[in-house]
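Novice: Dropping the structure in here first, questions after.
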Protein chains: 2
Amino acid sequence: MGQVRRASLKDVASRANTSIATASRALSGTGYVAEATRERILQAAQALHYQPNLRARGLRQRVSHSIGLIVPNLLNAYYTALADSISQQLGARGYHLLLASTRDDAATEHDMLVDMVGQAVDGLIWVPSVAESDLLDYLAGQHTPAVAIVRRLKGDPIDTVVFEDRAGSQAATQHLIGLGHKRIGYIGGDVMYSSNHDRWQGYLEALRQARQEPDEELVRLGTNRGTWGAMAANELLRLSSPPTAIFVASNAIMPGVIRTLRQTGVTLPDEMSLICFDDVDWFSLSVPPITAISTAYTTLAEAAVDLLLTRAAGGSTGADRPPVYMEVNFEFVLRRSTAPPRVGALHYHEAPIPEALAGEG
Amino acid sequence: MGQVRRASLKDVASRANTSIATASRALSGTGYVAEATRERILQAAQALHYQPNLRARGLRQRVSHSIGLIVPNLLNAYYTALADSISQQLGARGYHLLLASTRDDAATEHDMLVDMVGQAVDGLIWVPSVAESDLLDYLAGQHTPAVAIVRRLKGDPIDTVVFEDRAGSQAATQHLIGLGHKRIGYIGGDVMYSSNHDRWQGYLEALRQARQEPDEELVRLGTNRGTWGAMAANELLRLSSPPTAIFVASNAIMPGVIRTLRQTGVTLPDEMSLICFDDVDWFSLSVPPITAISTAYTTLAEAAVDLLLTRAAGGSTGADRPPVYMEVNFEFVLRRSTAPPRVGALHYHEAPIPEALAGEG
DNA sequence: TAGCATAATGGAAACGTTCTCACAAACCGT
DNA sequence: ACGGTTTGTGAGAACGTTTCCATTATGCTA
C-alpha cells in the first residue's frame, strides 16, 4: 500500500526516528542538530526522495521567491527577448517565474494580474496595456511591488523601465532628414500605448526641429501587426505625393510593409528608404539589409529585475522611496535600406491588398 | 498603523462578525449561508480588498492549478511559438504557467525541474535535453505527471508529443530528389536530441529509397545556431564536389547559411536549392522566399495540454493507462528557393568566415 | 558542587485556506 | 407533540512547513 502522495517532512522525521522540528533543522542547516542525527535524517530524506513543498514553506515564511511577468504576447520577438532575459536574471537570483500573456486585452490583463497576486508572488514585472489603471490601487492594497516595463503608466506611479522611444525615434527621423528626405512617412501602432505614442512624438519632434511641417497624410497609426503594415504602406504609396522614406515604428509591422513594397515593385533604397524602430535578426538578411534602431533587451531586463527585487526586499533599502523612472539606451544600426531620395516621381504598380501575414495571432 | 499584510479570510470574517468557516463558504459559494450573512461577508471582502491566497488554498486542496513548462530557451521562434500557445491553452483552462528555460544545460534542467516539483505544480510540460534521465524516476516518485514535447525520451516512457521530424525531413529530401538533385547537403543540429536525430534519419532514409548513396561529406551535424549554419555552409561550398541543394534542419541555422551563400555570391535557386525544416515568418520575405516544412505549433500545444491535464486529473480516466505517443502533421510549403540543379560546375567566391550572428545566445 | 553556558531535542503555534463535524434553530408532515 | 429534514453556523483539524519555546543532557568554570 505505498503512499500515494509525496513524502513530507513528517515522513522523513518518522523514518529517521526523530521529530519534525529536528528534521527541518537538519535539512535547512540552521540551529543545533547532532552529527549522527543529521546523518540519519539526510539518509531518510534521500531514501524517500524528499522534496520540500515550497508552497507550504512560502506560506509559513510569507515569501514565495517567485515573481510574475505579464506581457501582451510571446509571438513578437520584442517580448520574447525580454521574457528570455528576465527569466535568466530571475533564475540566477533564485526566483521562479510565473508567466502570463494578455493579448493586450484589458479584461484578461486584469484577471491575470489579480490572479498572480493571489498566487502570492513577491513582485510583478508588467507591460501595462493601459496608461491609467485601477490595478495600481489594487497592487498597493495588496502590498505587491511591481515594475512597469516597455510602456509607461501615467505619472509613472511605480518603478518604470522603458526604451528611449522618443529619442530613438527622433534619431531615426533625423537620419532620414539628414539624407535629404522631405516627405517621410510614419507607420506605427496604436498611440494609446506609451511606447507607440512616444515614438510618434519623437518623429514629429524631429520634423519640427528641422522646420519641416508634419503632414498628417503621411502618418499612419494602427496596430503593431504585419497586416497593418501592408495596408498602411499601400495607402502611403497611393498618395498623390507619396513619401520618399518610411519610418516603421515596430518590427512586427515590417513584414507587411516589405511585402507591399515588393508587390508594388518599389525598390529599396533607391525609390524608398526604410528604417525601423527595433532591430530583429532577419533585418540583416533582408535585401537590402534594414537600417534600424536597436534596443537593449538584456539591459532592460536587468534593470527591471534589479529594481523589483530591491523593492521587494523592502525595509533595509527603504521600501518607500519614490518610484524610479529609467530609459535604456538605443543604438543606431546603419544598414542599406536608407539612401538619399531619388529625383523624379515615384512610379509603382497597382497592388492587390496583400493577404494576412503570420502576425501576432 | 494599518495592517502591513494582505487581508486574510480571518480579517474578512471578523469584520463581518462571523466565523472563518462561514466566510469561506460565502465566498466560495458552497454550503449553506444566509442571504444577509453572505451580503455582509461580501461587503467586508470588498472593503478589505480581500484576495484569497492561492498558495494556502493549494496546500489544503493538494491541487495548485499550475503547471510548469521547461524549454531550452525563448529566443528560438520554435519554442516561443510553443510557449505562447501553451500559455493560451492553460489560461483558457484555468491553469497558471510556471516557465523555466534551461539553455540546454543538463544541470540547469535538473535544478529547474526539481524546483518546479517543489513548487507543487500539478504537471509538467517538458522539452527534455537528454534521452535518458534519472529525472523520470524522480517524477514518478513525486507523482508528478509530465509530458515530453518536441524531443522524445528513450522508450517514450511518458506521454509524448513531437512533430513529424522523420516524415517531414523525408518529404523535404524527396522534394529535392524529385527536382533531380544528386548531391544534397544536410546541415543540422546535434543528433543527441531526438528531433535532430530523426530529421537526419529522415534525410538518409529518403536518399536510400531513391537509391542514392548517402555521402558523409555532405552531412554536417553541429548545433542549432546561426553561427553553425555559416560555418557548415562554407564547408559544403569548399568541397571538391559541392552539393547542388542544401536541406537545413532548423530555422535557427538558416540565417548563417543564407549569409554565407550571399557572401560567396551563390545564387538561389539557380546555383543552389535551399529548403528548411520549420517555417518562420520571414522566410516568405526572403529573396527568394524559402521553401519549408511547416509545423503546427498550436496543434502540438493543444495536444500536450490535453494529455497533461487528463493525466493530472487522474482517477476517472485511468491514471495508469500506458503513455501516449503522438506526432503532429507537417505541411509542405513550396516557395521559390528550390529548383532543378543547374548543369555545369558551381563557382563561388572565396568567403571570409562570417562573424557571429545574433543566435540563441 | 553549584552555577551556567552550550548542545540537542521535541512540542506546539503559526501561515491562510478548506472541509468535516457537531450543534442549533426552523420548518415540515404526520 | 414528535421525529425528521432542511438551513444556518462555528469549532477545529488538516495541508507541510518554519520557528519559538521549553526541556533535558553535557561540559565547563568558579
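Chains: A, B, ... in order of the C-alpha cells. Residues: from 1 per chain. Ligands: from 1, in order shown.
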Counting only C-alpha atoms, which residues of chain A fall within 8 Å of chain B, and what is the closest atom pair for each with its distance in Å at one decimal, ordered by chain and rising number, as a tab-separated table?

Specialist:
residue	atom	partner	partner_atom	distance
A:Val4	CA	B:His143	CA	7.6
A:Arg5	CA	B:His143	CA	6.8
A:Arg6	CA	B:Gln142	CA	5.2
A:Ala7	CA	B:Gln142	CA	7.8
A:His49	CA	B:Gly141	CA	7.0
A:Gln51	CA	B:Gly118	CA	6.0
A:Pro52	CA	B:Gly118	CA	5.9
A:Asn53	CA	B:Gly118	CA	5.1
A:Leu54	CA	B:Gln119	CA	5.0
A:Arg55	CA	B:Gln119	CA	5.8
A:Ala56	CA	B:Leu59	CA	6.4
A:Gly58	CA	B:Arg55	CA	7.8
A:Leu59	CA	B:Ala56	CA	6.5
A:Asn73	CA	B:Asp84	CA	6.9
A:Leu74	CA	B:Asp84	CA	5.2
A:Leu75	CA	B:Ala81	CA	6.1
A:Ala77	CA	B:Leu75	CA	7.9
A:Thr80	CA	B:Leu74	CA	6.3
A:Ala81	CA	B:Leu75	CA	6.1
A:Ala83	CA	B:Leu74	CA	7.4
A:Asp84	CA	B:Leu74	CA	5.2
A:Ser87	CA	B:Ala100	CA	6.9
A:Gln88	CA	B:Ser101	CA	7.6
A:His96	CA	B:Leu98	CA	7.5
A:Leu97	CA	B:Leu99	CA	5.7
A:Leu98	CA	B:Leu98	CA	4.6
A:Leu99	CA	B:Leu97	CA	5.7
A:Ala100	CA	B:Ser87	CA	6.9
A:Ser101	CA	B:Ser87	CA	7.1
A:Val117	CA	B:Gln51	CA	7.9
A:Gly118	CA	B:Asn53	CA	5.1
A:Gln119	CA	B:Leu54	CA	5.0
A:Ala120	CA	B:Asn53	CA	6.5
A:Tyr138	CA	B:His49	CA	7.5
A:Gly141	CA	B:His49	CA	7.0
A:Gln142	CA	B:Arg6	CA	5.3
A:His143	CA	B:Arg6	CA	6.9
A:Pro255	CA	B:Leu285	CA	7.1
A:Ile258	CA	B:Leu285	CA	7.5
A:Arg259	CA	B:Leu285	CA	6.8
A:Asp281	CA	B:Ala358	CA	6.2
A:Trp282	CA	B:Trp282	CA	7.1
A:Leu285	CA	B:Arg259	CA	6.8
A:Ser286	CA	B:Ser286	CA	6.3
A:Val287	CA	B:Val287	CA	6.9
A:Leu357	CA	B:Asp281	CA	7.9
A:Ala358	CA	B:Asp281	CA	6.1

Novice: Distance limit 10 Å, atoms considered: only C-alpha atoms (C1' of nucleotides). Which chain C residues sit that close to chain A? Return them as a VMD selection string.

Specialist: chain C and resid 7 to 11 14 to 16

Novice: Give me, as a VMD selection string, the contact residues of chain D against chain B at a cut-off of 9 Å, counting only C-alpha atoms (C1' of nucleotides).

Specialist: chain D and resid 7 to 10 14 to 16

Novice: Name the residues in contact with DA30 (chain D) at a cut-off of 12 Å, using only C-alpha atoms (C1' of nucleotides), excluding same-chain residues fewer than 5 positions from it; report them as a list in words.

Specialist: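 My reading of the contact set: DT1, DA2, DG3 and DC4 of chain C.
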
Novice: For the selection you just gave me, I'd like the residues written to a file as a JSON list (two decimals), in the first residue's frame, keeping C-alpha atoms (C1' of nucleotides).

Specialist:
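Just written: again-v4.json:
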[["chain", "number", "residue", "atom", "x", "y", "z"],
["C", 1, "DT", "C1'", 29.40, 21.05, 43.96],
["C", 2, "DA", "C1'", 26.77, 24.71, 42.49],
["C", 3, "DG", "C1'", 26.05, 27.56, 38.54],
["C", 4, "DC", "C1'", 25.84, 28.31, 33.82]]

Novice: Do you have the CA of Glu327 (chain A)-CA of Arg166 (chain A) distance handy?

Specialist: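 Between these atoms lies a distance of 10.2 Å.
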
Novice: Could you check the closest approach to DA11 (chain D) for each of C:DC28, C:DA12, C:DC23, C:DA5 and tell me which residue wins, using only C-alpha atoms (C1' of nucleotides)?

Specialist: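 The answer is C:DC23, which sits nearest to DA11 (chain D).
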
Novice: Can you write out as CSV which residues of region 107-218 of chain B fall within 12 Å of region 230-239 of chain B, alongside each residue's closest atom pair and its distance in Å to one decimal, counting only C-alpha atoms and ordering rows by chain and ascending residue number?

Specialist:
residue,atom,partner,partner_atom,distance
B:Arg183,CA,B:Leu236,CA,10.7
B:Ile184,CA,B:Leu236,CA,10.1
B:Gly185,CA,B:Leu236,CA,7.3
B:Tyr186,CA,B:Leu236,CA,9.1
B:Ile187,CA,B:Ala232,CA,6.7
B:Gly188,CA,B:Ala232,CA,9.1
B:Gly189,CA,B:Ala232,CA,10.8
B:Asp215,CA,B:Leu236,CA,11.8
B:Glu216,CA,B:Leu236,CA,11.2
B:Glu217,CA,B:Leu236,CA,8.0
B:Leu218,CA,B:Leu236,CA,6.6

Novice: If we count only C-alpha atoms (C1' of nucleotides), what is near Pro269 (chain B) at a cut-off of 12 Å, once residues fewer than 5 positions away on the same chain are taken out, given as a count of residues only?

Specialist: 22

Novice: Extract the full set of strand (DSSP E or B) residues from region 177-325 of chain A according to DSSP on the backbone, and format it as a PyMOL selection string.

Specialist: chain A and resi 184-188+219-221+245-248+273-277+291-295+325

Novice: C:DC19, C:DG29, C:DA24, C:DA13: which is nearest DG12 (chain D), counting only C-alpha atoms (C1' of nucleotides)?

Specialist: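 Going through C:DC19, C:DG29, C:DA24, C:DA13 one by one, the smallest distance to DG12 (chain D) is for C:DC19.
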
Novice: Based on the backbone DSSP call, show me all residues of region 80-315 of chain B assigned alpha helix (DSSP H), as JSON, numbers by chain.

Specialist: {"B": [80, 81, 82, 83, 84, 85, 86, 87, 88, 89, 90, 91, 92, 106, 107, 108, 109, 110, 111, 112, 113, 114, 115, 116, 117, 118, 135, 136, 137, 138, 139, 140, 141, 142, 165, 166, 167, 168, 169, 170, 171, 172, 173, 174, 175, 176, 177, 178, 194, 195, 196, 197, 198, 199, 200, 201, 202, 203, 204, 205, 206, 207, 208, 209, 226, 227, 228, 229, 230, 231, 232, 233, 234, 235, 236, 237, 238, 254, 255, 256, 257, 258, 259, 260, 261, 262, 263, 264, 297, 298, 299, 300, 301, 302, 303, 304, 305, 306, 307, 308, 309, 310, 311, 312, 313]}
